[in-house]
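Engineer: I'd like to ask you about the structure that follows.
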Amino acid sequence: MPLTPEQRAEIEDARAETRQTLRATSDGMEAHLYRAHEVLDHGLVRVIDYMGDDSAIVQAARVSYGRGTKAVQNDEGLIRYLMRHWHSTPFEMCEIKLHVKLPVFVARQWIRHRTANVNEYSARYSILDREFYIPAPEHLAAQSVQNNQGRGETLEGDEAARVLDWLREDAGRAYDHYEAMLSKEGQQGLARELARMNLPANVYTQWYWKVDLHNLFHFLRLRADPHAQYEIRVYAEAICKIVADWVPAAYRAFEDYRLGGASLSAKALDCVRRMGRGEEVTQETSGMSKGEWREFMAVMDG
Ligand SMILES: Cc1cc2nc3c(=O)[nH]c(=O)nc-3n(C[C@H](O)[C@H](O)[C@H](O)COP(=O)(O)OP(=O)(O)OC[C@H]3O[C@@H](n4cnc5c(N)ncnc54)[C@H](O)[C@@H]3O)c2cc1C
């Protein structure tokens, strides 16, 4: 459970205080504001603030004086056009600020997305909580034999139990020593900035993460993808649900053209055209490598 009763009360207090505004708001997003969506065993995602809605995208695209909306259908058509033609800057007019609690090894993948603003909880200043990500048994998998960067069959029986025991024991022992190093009882106590190096990569950290919608879509395209590691994918999927409520038209366009779409090389496109004319195309006659052909077939077979 990632929230203490005090944290829950703070969130409820924040939600009880309302303000009047002339700014564009999104009803779907107002319902999410401040609320925590639980992810993994101790993680969370919650919206702290946002700017803009679907109409802000069309407003920017039309460089309008007013709110810039026409008929809802026209607006959605324009948003789809912008998405289809990679006209990305209107999507940058919307922003979102999230509070994310996540294991450090997930944070290392996340932070590679440089087009965002981040402020992380300081483990030089504060003491980290005794919270570690321990995978649910169904997510404890063996190394994939097909993909060096992935997992395969689920571990079972004694092996699964042993791995879970080690994960729990090692994290617990590392945290006990972290506390012992920090302790001022009968000793000076090691600095927090040094003691933290004893903690494993499954310890939880937290940050505020602010990003515009264009770069958020880029992040979601990569991290909500089935090839992304499960532990970051579940965060991306939680954010996808929030974005679908915040900017429904933009999210539908993203789902259609990016998340559910595929980009084809010139060779792949040529194969599609030849197949459409009834020609039987094989990997040997496609001009593609074995790997390219396998990925192309995966796209064609759905
Ligand atoms: C499945 C998967 C596997 C991965 N495996 C590895 C791995 O093994 N090792 C590893 O190191 N990383 C790995 N990554 C991370 C990956 O290489 C990217 O660093 C990460 O996805 C962030 O993408 P990005 O740079 O496009 O995003 P952002 O940093 O958000 O940048 C968005 C876009 O802005 C532009 N941009 C931003 N900063 C610069 C810059 N300084 N110079 C030029 N253009 C810039 C680029 O066009 C970029 O695409 C992996 C990612 C995925 C999704």
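Chain identifiers are assigned as A, B, and so on, following the order in which chains appear in the structure tokens; residues are numbered from 1 within each chain, and ligands are numbered from 1 in order of appearance.
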Find the residues near ligand 1. Use a cut-off of 9 Å, count only C-alpha atoms and all ligand atoms, and write them as a PyMOL selection string.

Structural biologist: chain A and resi 109-116+149+215-216+218-219+221-223+225-229

Engineer: Since we have the selection now, will you write its residues out, keeping N, CA and C atoms, as an mmCIF file, in the first residue's frame?

Structural biologist:
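Output contents, as saved in selection.cif:
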```
data_model
loop_
_atom_site.group_PDB
_atom_site.id
_atom_site.type_symbol
_atom_site.label_atom_id
_atom_site.label_comp_id
_atom_site.auth_asym_id
_atom_site.auth_seq_id
_atom_site.Cartn_x
_atom_site.Cartn_y
_atom_site.Cartn_z
ATOM 1 N N GLN A 109 15.530 3.731 -16.346
ATOM 2 C CA GLN A 109 15.017 3.675 -17.726
ATOM 3 C C GLN A 109 14.236 4.958 -18.031
ATOM 4 N N TRP A 110 13.451 5.375 -17.068
ATOM 5 C CA TRP A 110 12.547 6.525 -17.248
ATOM 6 C C TRP A 110 13.326 7.814 -17.517
ATOM 7 N N ILE A 111 14.426 7.975 -16.769
ATOM 8 C CA ILE A 111 15.177 9.240 -16.818
ATOM 9 C C ILE A 111 15.876 9.431 -18.170
ATOM 10 N N ARG A 112 15.965 8.358 -18.965
ATOM 11 C CA ARG A 112 16.563 8.485 -20.299
ATOM 12 C C ARG A 112 15.735 9.381 -21.202
ATOM 13 N N HIS A 113 14.488 9.597 -20.833
ATOM 14 C CA HIS A 113 13.628 10.513 -21.612
ATOM 15 C C HIS A 113 13.946 11.929 -21.159
ATOM 16 N N ARG A 114 14.806 12.582 -21.958
ATOM 17 C CA ARG A 114 15.423 13.832 -21.518
ATOM 18 C C ARG A 114 14.547 15.050 -21.676
ATOM 19 N N THR A 115 13.474 14.908 -22.460
ATOM 20 C CA THR A 115 12.668 16.084 -22.777
ATOM 21 C C THR A 115 11.581 16.302 -21.721
ATOM 22 N N ALA A 116 11.951 16.226 -20.461
ATOM 23 C CA ALA A 116 11.018 16.417 -19.354
ATOM 24 C C ALA A 116 11.759 17.157 -18.249
ATOM 25 N N GLN A 149 17.104 -9.080 -24.596
ATOM 26 C CA GLN A 149 16.642 -7.971 -23.764
ATOM 27 C C GLN A 149 15.219 -8.254 -23.273
ATOM 28 N N ASN A 215 6.003 15.057 -26.093
ATOM 29 C CA ASN A 215 7.067 14.198 -25.562
ATOM 30 C C ASN A 215 6.517 13.086 -24.679
ATOM 31 N N LEU A 216 5.357 13.347 -24.051
ATOM 32 C CA LEU A 216 4.717 12.282 -23.274
ATOM 33 C C LEU A 216 4.257 11.171 -24.226
ATOM 34 N N HIS A 218 5.620 10.373 -26.979
ATOM 35 C CA HIS A 218 6.842 9.662 -27.388
ATOM 36 C C HIS A 218 7.234 8.649 -26.299
ATOM 37 N N PHE A 219 7.193 9.099 -25.053
ATOM 38 C CA PHE A 219 7.494 8.214 -23.911
ATOM 39 C C PHE A 219 6.517 7.035 -23.896
ATOM 40 N N ARG A 221 4.682 5.831 -26.315
ATOM 41 C CA ARG A 221 4.860 4.981 -27.495
ATOM 42 C C ARG A 221 5.938 3.916 -27.234
ATOM 43 N N LEU A 222 7.010 4.334 -26.553
ATOM 44 C CA LEU A 222 8.116 3.403 -26.284
ATOM 45 C C LEU A 222 7.865 2.536 -25.057
ATOM 46 N N ARG A 223 7.228 3.107 -24.040
ATOM 47 C CA ARG A 223 7.154 2.396 -22.760
ATOM 48 C C ARG A 223 5.834 1.681 -22.520
ATOM 49 N N ASP A 225 4.622 0.017 -24.961
ATOM 50 C CA ASP A 225 4.777 -1.000 -25.998
ATOM 51 C C ASP A 225 5.005 -2.372 -25.348
ATOM 52 N N PRO A 226 4.471 -3.440 -25.942
ATOM 53 C CA PRO A 226 4.676 -4.774 -25.350
ATOM 54 C C PRO A 226 6.159 -5.156 -25.194
ATOM 55 N N HIS A 227 7.070 -4.516 -25.971
ATOM 56 C CA HIS A 227 8.497 -4.845 -25.841
ATOM 57 C C HIS A 227 9.162 -4.162 -24.648
ATOM 58 N N ALA A 228 8.488 -3.162 -24.078
ATOM 59 C CA ALA A 228 9.074 -2.465 -22.923
ATOM 60 C C ALA A 228 9.034 -3.400 -21.720
ATOM 61 N N GLN A 229 9.967 -3.206 -20.801
ATOM 62 C CA GLN A 229 9.996 -4.043 -19.593
ATOM 63 C C GLN A 229 8.689 -3.863 -18.819
#
```

Engineer: Check region 18-234 of chain A with DSSP on the backbone and list each residue it calls strand (DSSP E), as a PyMOL selection string.

Structural biologist: chain A and resi 36-39+43-51+95-103+117-120+141-143+151-154+204-212

Engineer: Between A:Ala298, A:Tyr208, A:Asp75, A:Ala238, single out the one closest to Ala253 (chain A), counting only C-alpha atoms.

Structural biologist: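 When distances to Ala253 (chain A) are compared using only C-alpha atoms, the smallest one comes from A:Asp75.
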
Engineer: So which bits of region 61-198 of chain A end up helix (DSSP H, G or I) when you DSSP the backbone, as JSON, numbers by chain?

Structural biologist: {"A": [61, 62, 72, 73, 74, 75, 76, 77, 78, 79, 80, 81, 82, 83, 84, 89, 90, 91, 92, 93, 104, 105, 106, 107, 108, 109, 110, 137, 138, 139, 157, 158, 159, 160, 161, 162, 163, 164, 165, 166, 167, 168, 169, 170, 171, 172, 173, 174, 175, 176, 177, 178, 179, 180, 181, 182, 192, 193, 194, 195, 196, 197, 198]}

Engineer: Write out as a tab-separated table (two decimals) with N, CA and C atoms, in the first residue's frame the residues lying within 12 Å of Val163 (chain A), counting only C-alpha atoms and excluding same-chain residues fewer than 6 positions away.

Structural biologist:
```
chain	number	residue	atom	x	y	z
A	134	ILE	N	9.21	-6.19	-4.94
A	134	ILE	CA	9.37	-7.65	-5.02
A	134	ILE	C	8.32	-8.10	-6.04
A	135	PRO	N	8.77	-8.67	-7.17
A	135	PRO	CA	7.81	-9.04	-8.22
A	135	PRO	C	6.76	-10.04	-7.72
A	136	ALA	N	5.55	-9.90	-8.23
A	136	ALA	CA	4.52	-10.91	-7.97
A	136	ALA	C	5.00	-12.20	-8.65
A	137	PRO	N	4.67	-13.39	-8.10
A	137	PRO	CA	5.20	-14.65	-8.64
A	137	PRO	C	5.00	-14.78	-10.15
A	139	HIS	N	5.25	-12.63	-12.34
A	139	HIS	CA	6.18	-11.77	-13.10
A	139	HIS	C	7.63	-12.16	-12.87
A	140	LEU	N	7.82	-13.26	-12.21
A	140	LEU	CA	9.18	-13.75	-11.96
A	140	LEU	C	9.52	-14.71	-13.10
A	141	ALA	N	10.26	-14.20	-14.07
A	141	ALA	CA	10.45	-15.01	-15.28
A	141	ALA	C	11.92	-15.30	-15.55
A	142	ALA	N	12.15	-16.33	-16.36
A	142	ALA	CA	13.51	-16.70	-16.77
A	142	ALA	C	13.97	-15.77	-17.89
A	155	LEU	N	9.20	-18.47	-13.76
A	155	LEU	CA	9.89	-19.41	-12.87
A	155	LEU	C	8.87	-20.12	-12.00
A	156	GLU	N	9.19	-21.36	-11.66
A	156	GLU	CA	8.22	-22.13	-10.86
A	156	GLU	C	8.88	-22.82	-9.69
A	157	GLY	N	8.04	-23.31	-8.79
A	157	GLY	CA	8.46	-24.20	-7.69
A	157	GLY	C	9.56	-23.63	-6.82
A	169	GLU	N	15.27	-11.15	1.45
A	169	GLU	CA	16.33	-11.18	2.48
A	169	GLU	C	17.43	-10.16	2.19
A	170	ASP	N	17.89	-10.12	0.93
A	170	ASP	CA	19.01	-9.22	0.60
A	170	ASP	C	18.58	-7.76	0.79
```

Engineer: Counting only C-alpha atoms, which of A:Val247, A:Ala31, A:Leu194, A:Ile48 gets nearest to Phe217 (chain A)?

Structural biologist: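 With only C-alpha atoms as the atom set, the closest residue is A:Val247.
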
Engineer: Give me the residues near Ser88 (chain A) as a ChimeraX atom specification, where near means some atom within 10 Å (using only C-alpha atoms) and where sequence neighbours in that chain fewer than 2 positions away do not count.

Structural biologist: /A:57,61,82-86,90-93,213-215

Engineer: How about saving the chosen residues, C-alpha atoms kept, as a tab-separated table (two decimals), in the first residue's frame?

Structural biologist:
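Generated file (out_6.tsv):
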```tsv
chain	number	residue	atom	x	y	z
A	57	ILE	CA	-4.16	21.82	-29.37
A	61	ALA	CA	-2.69	24.95	-34.52
A	82	LEU	CA	-1.73	16.94	-36.99
A	83	MET	CA	-0.90	13.52	-35.53
A	84	ARG	CA	-0.90	11.85	-38.96
A	85	HIS	CA	1.47	14.41	-40.45
A	86	TRP	CA	3.84	14.66	-37.45
A	90	PRO	CA	0.50	22.04	-31.16
A	91	PHE	CA	0.69	18.99	-28.85
A	92	GLU	CA	3.54	20.67	-26.97
A	93	MET	CA	1.05	23.33	-25.82
A	213	LEU	CA	2.01	16.10	-24.46
A	214	HIS	CA	4.14	15.56	-27.57
A	215	ASN	CA	7.07	14.20	-25.56
```

Engineer: Using only C-alpha atoms, which of A:Glu179, A:Asp54, A:Asp49, A:Glu159 sits nearest Gln73 (chain A)?

Structural biologist: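 Of the candidates, the smallest distance to Gln73 (chain A) is held by A:Asp54.
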
Engineer: Between A:Tyr230, A:Leu164, A:Ala250, A:Glu292, which has the minimum distance to Val58 (chain A) (counting only C-alpha atoms)?

Structural biologist: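 Using only C-alpha atoms, the shortest distance to Val58 (chain A) belongs to A:Ala250.
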
Engineer: Excluding Ala201 (chain A) and its own-chain neighbours fewer than 6 positions away, which residues fall within 7 Å of it when counting only C-alpha atoms? Please give them as a PyMOL selection string.

Structural biologist: chain A and resi 103-105

Engineer: Give me, as a list in words, all polymer residues having an atom no more than 12 Å from Gly302 (chain A), counting only C-alpha atoms and skipping those fewer than 3 positions away in the same chain.

Structural biologist: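 After dropping sequence-adjacent residues, the list is Gly260, Gly261, Ala262, Glu295, Phe296, Met297, Ala298 and Val299 of chain A.
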
Engineer: Grab the residues selected above and save them as a PDB file, in the first residue's frame with N, CA and C atoms.

Structural biologist:
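Here's the written file selection06.pdb:
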```pdb
ATOM      1  N   GLY A 260      -1.192   1.902 -31.852  1.00  0.00           N
ATOM      2  CA  GLY A 260      -1.714   0.746 -32.582  1.00  0.00           C
ATOM      3  C   GLY A 260      -1.203   0.687 -34.011  1.00  0.00           C
ATOM      4  N   GLY A 261      -0.514   1.740 -34.462  1.00  0.00           N
ATOM      5  CA  GLY A 261      -0.030   1.792 -35.841  1.00  0.00           C
ATOM      6  C   GLY A 261       1.348   1.175 -35.958  1.00  0.00           C
ATOM      7  N   ALA A 262       1.870   1.145 -37.184  1.00  0.00           N
ATOM      8  CA  ALA A 262       3.229   0.618 -37.408  1.00  0.00           C
ATOM      9  C   ALA A 262       3.859   1.420 -38.523  1.00  0.00           C
ATOM     10  N   GLU A 295       9.838  -9.319 -38.136  1.00  0.00           N
ATOM     11  CA  GLU A 295       9.080  -8.195 -37.569  1.00  0.00           C
ATOM     12  C   GLU A 295       7.978  -7.746 -38.525  1.00  0.00           C
ATOM     13  N   PHE A 296       8.258  -7.780 -39.805  1.00  0.00           N
ATOM     14  CA  PHE A 296       7.258  -7.403 -40.805  1.00  0.00           C
ATOM     15  C   PHE A 296       6.068  -8.366 -40.748  1.00  0.00           C
ATOM     16  N   MET A 297       6.367  -9.671 -40.652  1.00  0.00           N
ATOM     17  CA  MET A 297       5.303 -10.684 -40.574  1.00  0.00           C
ATOM     18  C   MET A 297       4.461 -10.493 -39.300  1.00  0.00           C
ATOM     19  N   ALA A 298       5.147 -10.103 -38.221  1.00  0.00           N
ATOM     20  CA  ALA A 298       4.408  -9.870 -36.967  1.00  0.00           C
ATOM     21  C   ALA A 298       3.424  -8.715 -37.151  1.00  0.00           C
ATOM     22  N   VAL A 299       3.841  -7.689 -37.901  1.00  0.00           N
ATOM     23  CA  VAL A 299       2.938  -6.551 -38.177  1.00  0.00           C
ATOM     24  C   VAL A 299       1.781  -7.029 -39.049  1.00  0.00           C
TER      25      VAL A 299
END
```

Engineer: Hey, can you check how far CA of Tyr235 (chain A) sits from CA of Val45 (chain A)?

Structural biologist: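 Spanning CA of Tyr235 (chain A) to CA of Val45 (chain A) is a straight-line distance of 7.3 Å.
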
Engineer: Could you work out how far CA of Glu120 (chain A) lies from CA of Ala107 (chain A), giving the answer in Å with one decimal?

Structural biologist: 10.0 Å

Engineer: Looking at only C-alpha atoms, which of A:Gln206, A:Ser265, A:Gln20, A:Thr154 is the one that sits closest to Val118 (chain A)?

Structural biologist: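 Closest residue, counting only C-alpha atoms: A:Gln206.
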
Engineer: List the neighbours of Ile11 (chain A) out to 9 Å using only C-alpha atoms; skip same-chain residues closer than 5 positions along the sequence, and give me the result as a PyMOL selection string.

Structural biologist: chain A and resi 6+16+34-36

Engineer: Please measure the separation of CA of Asp27 (chain A) and CA of Lys241 (chain A), giving the value in Å to one decimal.

Structural biologist: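 If I compute the distance from CA of Asp27 (chain A) to CA of Lys241 (chain A), I get 14.1 Å.
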
Engineer: Restricting the calculation to only C-alpha atoms: of A:Tyr81, A:Met300, A:Gln7, A:Trp246, which residue gets closest to Ala268 (chain A)?

Structural biologist: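 Going through A:Tyr81, A:Met300, A:Gln7, A:Trp246 one by one, the smallest distance to Ala268 (chain A) is for A:Met300.
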